[in-house]
Amino acid sequence: MYPTFNLSTSDHSNLSDADNLRLQELTHRSVKVSIIIALGVMITLGNIAVLMVITSSVAGWSRNSRYFLLSLTAADSAFGLLVMPSNLWVSLLKDYSEGPDAFCHVVAFCNATVYSTCMYTLATISLERYIAVFYPLQYSSLMTRKRTLLLICFAWCFPPFLLSPITFPDGIIEVHFSTASLVCNPSYSTNVAYTLSLTCLIFFPCSIVMTYANLRVWCAAKRQRLKLRKYGCALRSRHNVAARVLVPVMAAYYTCWTPCMAVMIYNAVSGSSVPEWVEFVVVWLPTSNGFLNCIFYFWINKNFRRKFHLILQRLALALCPELANTFEWSTTSSAQFVSGILDNNNSVHERSSSVSSTCTLLSMV
């Protein structure tokens, strides 16, 4: 699939440093492609499982929460279904043709749009969580169905508007195919002002909203936990829920996105590139956030796991009843259904913000 190079010592001496660098990057291509494919499969399968659950009702999740989570699932799925296949396809074409082309500009636009939409969606989820926790009585009037859909539309429509200049081959910024990261990337140094404006309008606002909202929710949960402990009614099963959910969410966000933004600013300001594997890691690291979101926003939630197991059992009953009877899934699924109803009626009321697993604040009795 990939070209092989058998060069003598004299041939190597005639190659420029740029050619030697490109040759070295091409020798690592098979490893990089394998990593990208594995990451794409993980993201796709994880979000398919999430989609199977949140398309139906889940205990503790409001209608608005499901809208935001469906938007996040769609943005994360685009990593595996759009970003990765399109860039791998371009990498195959670049074996035979050199230089940027119109298709590479379109792919670079899709890459940047999906990345930006994911960040805006995470910010809107944090904003909805903040309103649900600090304005519970006004939540239904503040977060109406229309406003929820408008926030989702903004997260999906504003990034393409900002990034539309990337689609034009002779536009305000150039695009190149990087053999180091196997990605069509804008040449940020060709327009420093536009690059910095993108970071100021996308990454920094989203980071500020997420940090402020989640920090306030975490502090509120900590204060309420201390009050519950003071009055002797703290539940052991709820021990340190905020730290167990919010800290990993924010740590994953900054770990995945900050290196990419830092390298982007460095390339724009200095006009220099980073080492091959550093570029590959920082470019593809944000896509791994699409898989981590499946864990932190969904799988860590008990109601989500219960609903997912119930769906699997129903599929097993429909496709292979004999196997389901062997594992006694027919009886356990009915028992889980009844227990789910009892849990919803008798359990302590949970104020769910973006997801019920996220920093649940118990009502003071």
# chains A, B, ... in the order shown; residues from 1 in each chain; ligands from 1

call {"tool": "residues_around", "arguments": {"residues": "A:Ser56", "least_positions_apart": "2", "cutoff": "12 Å", "atoms": "only C-alpha atoms", "output": "PyMOL selection string"}}
result
chain A and resi 50-54+58-59+61-63+66-67+70+304+307-308+310-311

call {"tool": "select_by_dssp", "arguments": {"residues": "stretch 131-210 of chain A", "states": "strand (DSSP E)", "output": "PyMOL selection string"}}
result
chain A and resi 175-178+183-186

call {"tool": "closest_residue", "arguments": {"among": "A:Trp218, A:Phe204, A:Tyr297, A:Phe134", "to": "A:Ala262", "atoms": "only C-alpha atoms"}}
result
A:Phe204

call {"tool": "residues_around", "arguments": {"residues": "A:Ser116", "least_positions_apart": "4", "cutoff": "9 Å", "atoms": "only C-alpha atoms", "output": "mmCIF file with N, CA, C and O atoms, in the first residue's frame"}}
result
data_model
loop_
_atom_site.group_PDB
_atom_site.id
_atom_site.type_symbol
_atom_site.label_atom_id
_atom_site.label_comp_id
_atom_site.auth_asym_id
_atom_site.auth_seq_id
_atom_site.Cartn_x
_atom_site.Cartn_y
_atom_site.Cartn_z
ATOM 1 N N ASN A 111 -11.983 19.123 9.568
ATOM 2 C CA ASN A 111 -11.235 18.847 10.798
ATOM 3 C C ASN A 111 -11.447 19.944 11.830
ATOM 4 O O ASN A 111 -11.811 19.680 12.991
ATOM 5 N N ALA A 112 -11.215 21.177 11.416
ATOM 6 C CA ALA A 112 -11.315 22.299 12.344
ATOM 7 C C ALA A 112 -12.746 22.492 12.836
ATOM 8 O O ALA A 112 -12.975 22.837 14.009
ATOM 9 N N TYR A 120 -17.321 23.642 21.741
ATOM 10 C CA TYR A 120 -18.510 24.434 22.043
ATOM 11 C C TYR A 120 -19.592 23.579 22.701
ATOM 12 O O TYR A 120 -20.300 24.048 23.604
ATOM 13 N N THR A 121 -19.733 22.326 22.276
ATOM 14 C CA THR A 121 -20.738 21.453 22.873
ATOM 15 C C THR A 121 -20.404 21.159 24.325
ATOM 16 O O THR A 121 -21.295 21.149 25.196
ATOM 17 N N ALA A 155 -23.588 25.937 18.622
ATOM 18 C CA ALA A 155 -22.386 25.107 18.713
ATOM 19 C C ALA A 155 -22.033 24.453 17.383
ATOM 20 O O ALA A 155 -20.857 24.189 17.110
ATOM 21 N N TRP A 156 -23.036 24.224 16.532
ATOM 22 C CA TRP A 156 -22.790 23.566 15.248
ATOM 23 C C TRP A 156 -22.645 24.535 14.076
ATOM 24 O O TRP A 156 -22.010 24.192 13.077
ATOM 25 N N PRO A 159 -18.938 27.610 14.422
ATOM 26 C CA PRO A 159 -17.607 27.206 13.946
ATOM 27 C C PRO A 159 -17.454 27.204 12.424
ATOM 28 O O PRO A 159 -16.443 27.714 11.919
ATOM 29 N N PRO A 160 -18.418 26.658 11.638
ATOM 30 C CA PRO A 160 -18.252 26.745 10.177
ATOM 31 C C PRO A 160 -18.169 28.170 9.665
ATOM 32 O O PRO A 160 -17.445 28.442 8.694
ATOM 33 N N ILE A 202 -12.610 30.506 20.152
ATOM 34 C CA ILE A 202 -13.041 29.111 20.305
ATOM 35 C C ILE A 202 -12.483 28.499 21.585
ATOM 36 O O ILE A 202 -13.230 28.186 22.521
ATOM 37 N N PHE A 203 -11.178 28.315 21.642
ATOM 38 C CA PHE A 203 -10.598 27.555 22.757
ATOM 39 C C PHE A 203 -10.718 28.296 24.080
ATOM 40 O O PHE A 203 -11.202 27.723 25.079
#

call {"tool": "closest_atom_pairs", "arguments": {"of": "stretch 142-181 of chain A", "to": "stretch 194-200 of chain A", "cutoff": "9 Å", "atoms": "only C-alpha atoms", "output": "tab-separated table"}}
result
residue	atom	partner	partner_atom	distance
A:Leu162	CA	A:Leu198	CA	7.5
A:Leu163	CA	A:Leu198	CA	8.2
A:Ile172	CA	A:Tyr194	CA	8.3
A:Ile173	CA	A:Tyr194	CA	8.0

call {"tool": "select_by_dssp", "arguments": {"residues": "stretch 76-236 of chain A", "states": "alpha helix (DSSP H)", "output": "ChimeraX atom specification"}}
result
/A:76-78,84-93,102-134,139-142,145-163,192-198,204-230

call {"tool": "closest_atom_pairs", "arguments": {"of": "stretch 38-69 of chain A", "to": "stretch 125-131 of chain A", "cutoff": "9 Å", "atoms": "only C-alpha atoms", "output": "CSV"}}
result
residue,atom,partner,partner_atom,distance
A:Asn64,CA,A:Glu128,CA,8.6
A:Ser65,CA,A:Ile125,CA,8.0
A:Phe68,CA,A:Ile125,CA,6.3
A:Leu69,CA,A:Ile125,CA,7.8

call {"tool": "residues_around", "arguments": {"residues": "A:Phe177", "least_positions_apart": "2", "cutoff": "10 Å", "atoms": "only C-alpha atoms", "output": "PyMOL selection string"}}
result
chain A and resi 87+90-91+94+98-101+104-105+107-108+175+179-187

call {"tool": "write_last_selection", "arguments": {"atoms": "N, CA and C atoms", "output": "mmCIF file, in the first residue's frame"}}
result
data_model
loop_
_atom_site.group_PDB
_atom_site.id
_atom_site.type_symbol
_atom_site.label_atom_id
_atom_site.label_comp_id
_atom_site.auth_asym_id
_atom_site.auth_seq_id
_atom_site.Cartn_x
_atom_site.Cartn_y
_atom_site.Cartn_z
ATOM 1 N N ASN A 87 -8.964 12.081 6.331
ATOM 2 C CA ASN A 87 -7.527 12.342 6.380
ATOM 3 C C ASN A 87 -6.712 11.135 5.925
ATOM 4 N N VAL A 90 -6.818 11.192 2.164
ATOM 5 C CA VAL A 90 -5.887 12.178 1.615
ATOM 6 C C VAL A 90 -4.459 11.668 1.706
ATOM 7 N N SER A 91 -4.123 10.991 2.799
ATOM 8 C CA SER A 91 -2.763 10.470 2.949
ATOM 9 C C SER A 91 -2.444 9.441 1.862
ATOM 10 N N LYS A 94 -1.827 11.431 -1.347
ATOM 11 C CA LYS A 94 -0.566 12.166 -1.328
ATOM 12 C C LYS A 94 0.643 11.268 -1.594
ATOM 13 N N GLU A 98 1.554 15.754 -4.966
ATOM 14 C CA GLU A 98 2.140 16.629 -3.962
ATOM 15 C C GLU A 98 1.421 17.964 -3.943
ATOM 16 N N GLY A 99 1.599 18.668 -2.837
ATOM 17 C CA GLY A 99 1.074 20.009 -2.723
ATOM 18 C C GLY A 99 -0.384 20.039 -2.302
ATOM 19 N N PRO A 100 -0.842 21.185 -1.805
ATOM 20 C CA PRO A 100 -2.236 21.324 -1.386
ATOM 21 C C PRO A 100 -3.176 21.344 -2.587
ATOM 22 N N ASP A 101 -4.400 20.936 -2.390
ATOM 23 C CA ASP A 101 -5.409 20.969 -3.430
ATOM 24 C C ASP A 101 -6.738 21.334 -2.795
ATOM 25 N N CYS A 104 -8.013 18.943 -0.097
ATOM 26 C CA CYS A 104 -7.290 19.075 1.170
ATOM 27 C C CYS A 104 -7.821 20.269 1.966
ATOM 28 N N HIS A 105 -8.198 21.340 1.278
ATOM 29 C CA HIS A 105 -8.795 22.482 1.963
ATOM 30 C C HIS A 105 -10.125 22.101 2.604
ATOM 31 N N VAL A 107 -11.042 19.087 3.581
ATOM 32 C CA VAL A 107 -10.757 18.202 4.716
ATOM 33 C C VAL A 107 -10.265 19.002 5.919
ATOM 34 N N ALA A 108 -9.394 19.982 5.676
ATOM 35 C CA ALA A 108 -8.912 20.824 6.778
ATOM 36 C C ALA A 108 -10.064 21.599 7.418
ATOM 37 N N VAL A 175 -3.155 25.990 3.293
ATOM 38 C CA VAL A 175 -3.371 24.656 3.850
ATOM 39 C C VAL A 175 -2.326 23.715 3.276
ATOM 40 N N THR A 179 2.831 15.168 6.519
ATOM 41 C CA THR A 179 3.199 13.753 6.546
ATOM 42 C C THR A 179 3.566 13.292 7.955
ATOM 43 N N ALA A 180 3.775 14.248 8.869
ATOM 44 C CA ALA A 180 4.074 13.884 10.256
ATOM 45 C C ALA A 180 2.818 13.438 10.987
ATOM 46 N N SER A 181 1.717 14.158 10.803
ATOM 47 C CA SER A 181 0.462 13.841 11.497
ATOM 48 C C SER A 181 -0.572 13.191 10.598
ATOM 49 N N LEU A 182 -0.299 13.111 9.288
ATOM 50 C CA LEU A 182 -1.241 12.557 8.307
ATOM 51 C C LEU A 182 -2.565 13.302 8.338
ATOM 52 N N VAL A 183 -2.481 14.611 8.413
ATOM 53 C CA VAL A 183 -3.658 15.466 8.530
ATOM 54 C C VAL A 183 -3.491 16.668 7.607
ATOM 55 N N CYS A 184 -4.590 17.098 7.003
ATOM 56 C CA CYS A 184 -4.607 18.368 6.273
ATOM 57 C C CYS A 184 -4.760 19.488 7.294
ATOM 58 N N ASN A 185 -3.729 20.305 7.412
ATOM 59 C CA ASN A 185 -3.701 21.352 8.424
ATOM 60 C C ASN A 185 -3.535 22.720 7.788
ATOM 61 N N PRO A 186 -4.177 23.753 8.350
ATOM 62 C CA PRO A 186 -3.850 25.115 7.915
ATOM 63 C C PRO A 186 -2.418 25.468 8.287
ATOM 64 N N SER A 187 -1.780 26.230 7.441
ATOM 65 C CA SER A 187 -0.434 26.740 7.749
ATOM 66 C C SER A 187 -0.611 27.995 8.601
#

call {"tool": "closest_residue", "arguments": {"among": "A:Thr113, A:Leu81, A:Ser189, A:Cys153", "to": "A:Ser273", "atoms": "only C-alpha atoms"}}
result
A:Ser189

call {"tool": "closest_residue", "arguments": {"among": "A:Phe296, A:Trp277, A:Tyr139, A:Tyr266", "to": "A:Tyr188", "atoms": "only C-alpha atoms"}}
result
A:Tyr266
